[in-house]
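Here is the structure we will look at, set down as structure tokens.
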Amino acid sequence: MSVQERKERERAARERLIVATARELAEQQGWDAVTTRRLAERIEYSQPVLYSHFRGKREIIGAVALEGAAEMASALRAATAAADGPHARVTALARTYLDFAERNPAVYDSMFQLDGGLAFAAEDTPEPLKGAFAALLESLGEVAGDGVQPGLFTEVFWASLHGLATLTRAGRLPPAETARRVELLVARLAIV
């Protein structure tokens, strides 16, 4: 291995450490607790080293969001692949989405609530974000209904899931009714 390859590997490892530490701190104490100073202390590198990887908290939030989008896409695909039939796939997708949001609140916030400097629904949308949307579209496109654009239907269904996730987390909707909400959403919105 060349010196350059070793340096690149070490740099990538530092970046993963920064992102993992930011994510852990945000999940434990919220995004307000994530500062470059605290991250530098936790990873035992100087702030200038941290800034050599990320220009600031916004880029760190973006990196966590990209990681989370890839994880969400993987979870959605695994859940829908194990389901038999369109109704079961859409139900599994909805449950998995809401479960991901509940289990990873800081990551979910980085993806959809906070400014991570990422473009959505644009030419320069990063691949992990496109992949997460594609994971939704793969199951939802088949149930959009005649004459309904699959992408548009996926956006509406996604918005419904996002609303359920954020309202439940904020205490506006009782969590005990989540399963019934999913069934209602699938039965009334998805033509299966």
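Residue numbers start at 1 in each chain; chains themselves are named A, B, ... in the order of the structure tokens; ligands are numbered from 1 in the order shown.
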
Closest atom pairs, residues of region 76-176 of chain A within 12 Å of region 38-56 of chain A, only C-alpha atoms, as a Markdown table:
```
| residue | atom | partner | partner_atom | distance |
| --- | --- | --- | --- | --- |
| A:Asp115 | CA | A:Gly56 | CA | 11.9 |
| A:Gly116 | CA | A:Gly56 | CA | 10.1 |
| A:Gly117 | CA | A:Gly56 | CA | 10.9 |
```

Kindly export the residues of the current selection with all heavy atoms, as a compact mmCIF listing (two decimals), in the first residue's frame.
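Resulting contents of out11.txt:
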```txt
# COMPACT_ATOMS: atom_id res chain seq x y z
N ASP A 115 -31.25 21.77 8.05
CA ASP A 115 -30.54 22.17 6.83
C ASP A 115 -29.16 21.52 6.81
O ASP A 115 -28.26 21.93 7.52
CB ASP A 115 -30.41 23.69 6.79
CG ASP A 115 -29.66 24.18 5.56
OD1 ASP A 115 -29.41 23.37 4.63
OD2 ASP A 115 -29.33 25.38 5.52
N GLY A 116 -29.05 20.50 5.98
CA GLY A 116 -27.76 19.84 5.79
C GLY A 116 -27.10 20.25 4.48
O GLY A 116 -26.11 19.66 4.07
N GLY A 117 -27.67 21.26 3.83
CA GLY A 117 -27.09 21.76 2.58
C GLY A 117 -27.30 20.82 1.40
O GLY A 117 -26.57 20.90 0.42
```

*Which residues in chain A does DSSP call alpha helix (DSSP H)? List them as a ChimeraX atom specification.*
/A:3-29,36-43,47-53,57-81,86-103,105-112,127-140,150-169,178-189

*From the set A:Arg95, A:Lys130, A:Gln29, A:Pro86, which residue has the shortest atom-to-atom contact distance to Leu118 (chain A), counting only C-alpha atoms?*
A:Lys130

*What is the distance between CA of Ala176 (chain A) and CA of Ile191 (chain A), in Å to one decimal?*
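Distance reported for this atom pair: 25.3 Å.
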
_Please determine, counting only C-alpha atoms, which residue among A:Arg103, A:Glu5, A:Ala121, A:Arg181 has the shortest atom-to-atom distance to Glu155 (chain A)._
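Checking each of A:Arg103, A:Glu5, A:Ala121, A:Arg181 against Glu155 (chain A), counting only C-alpha atoms, the winner is A:Ala121.
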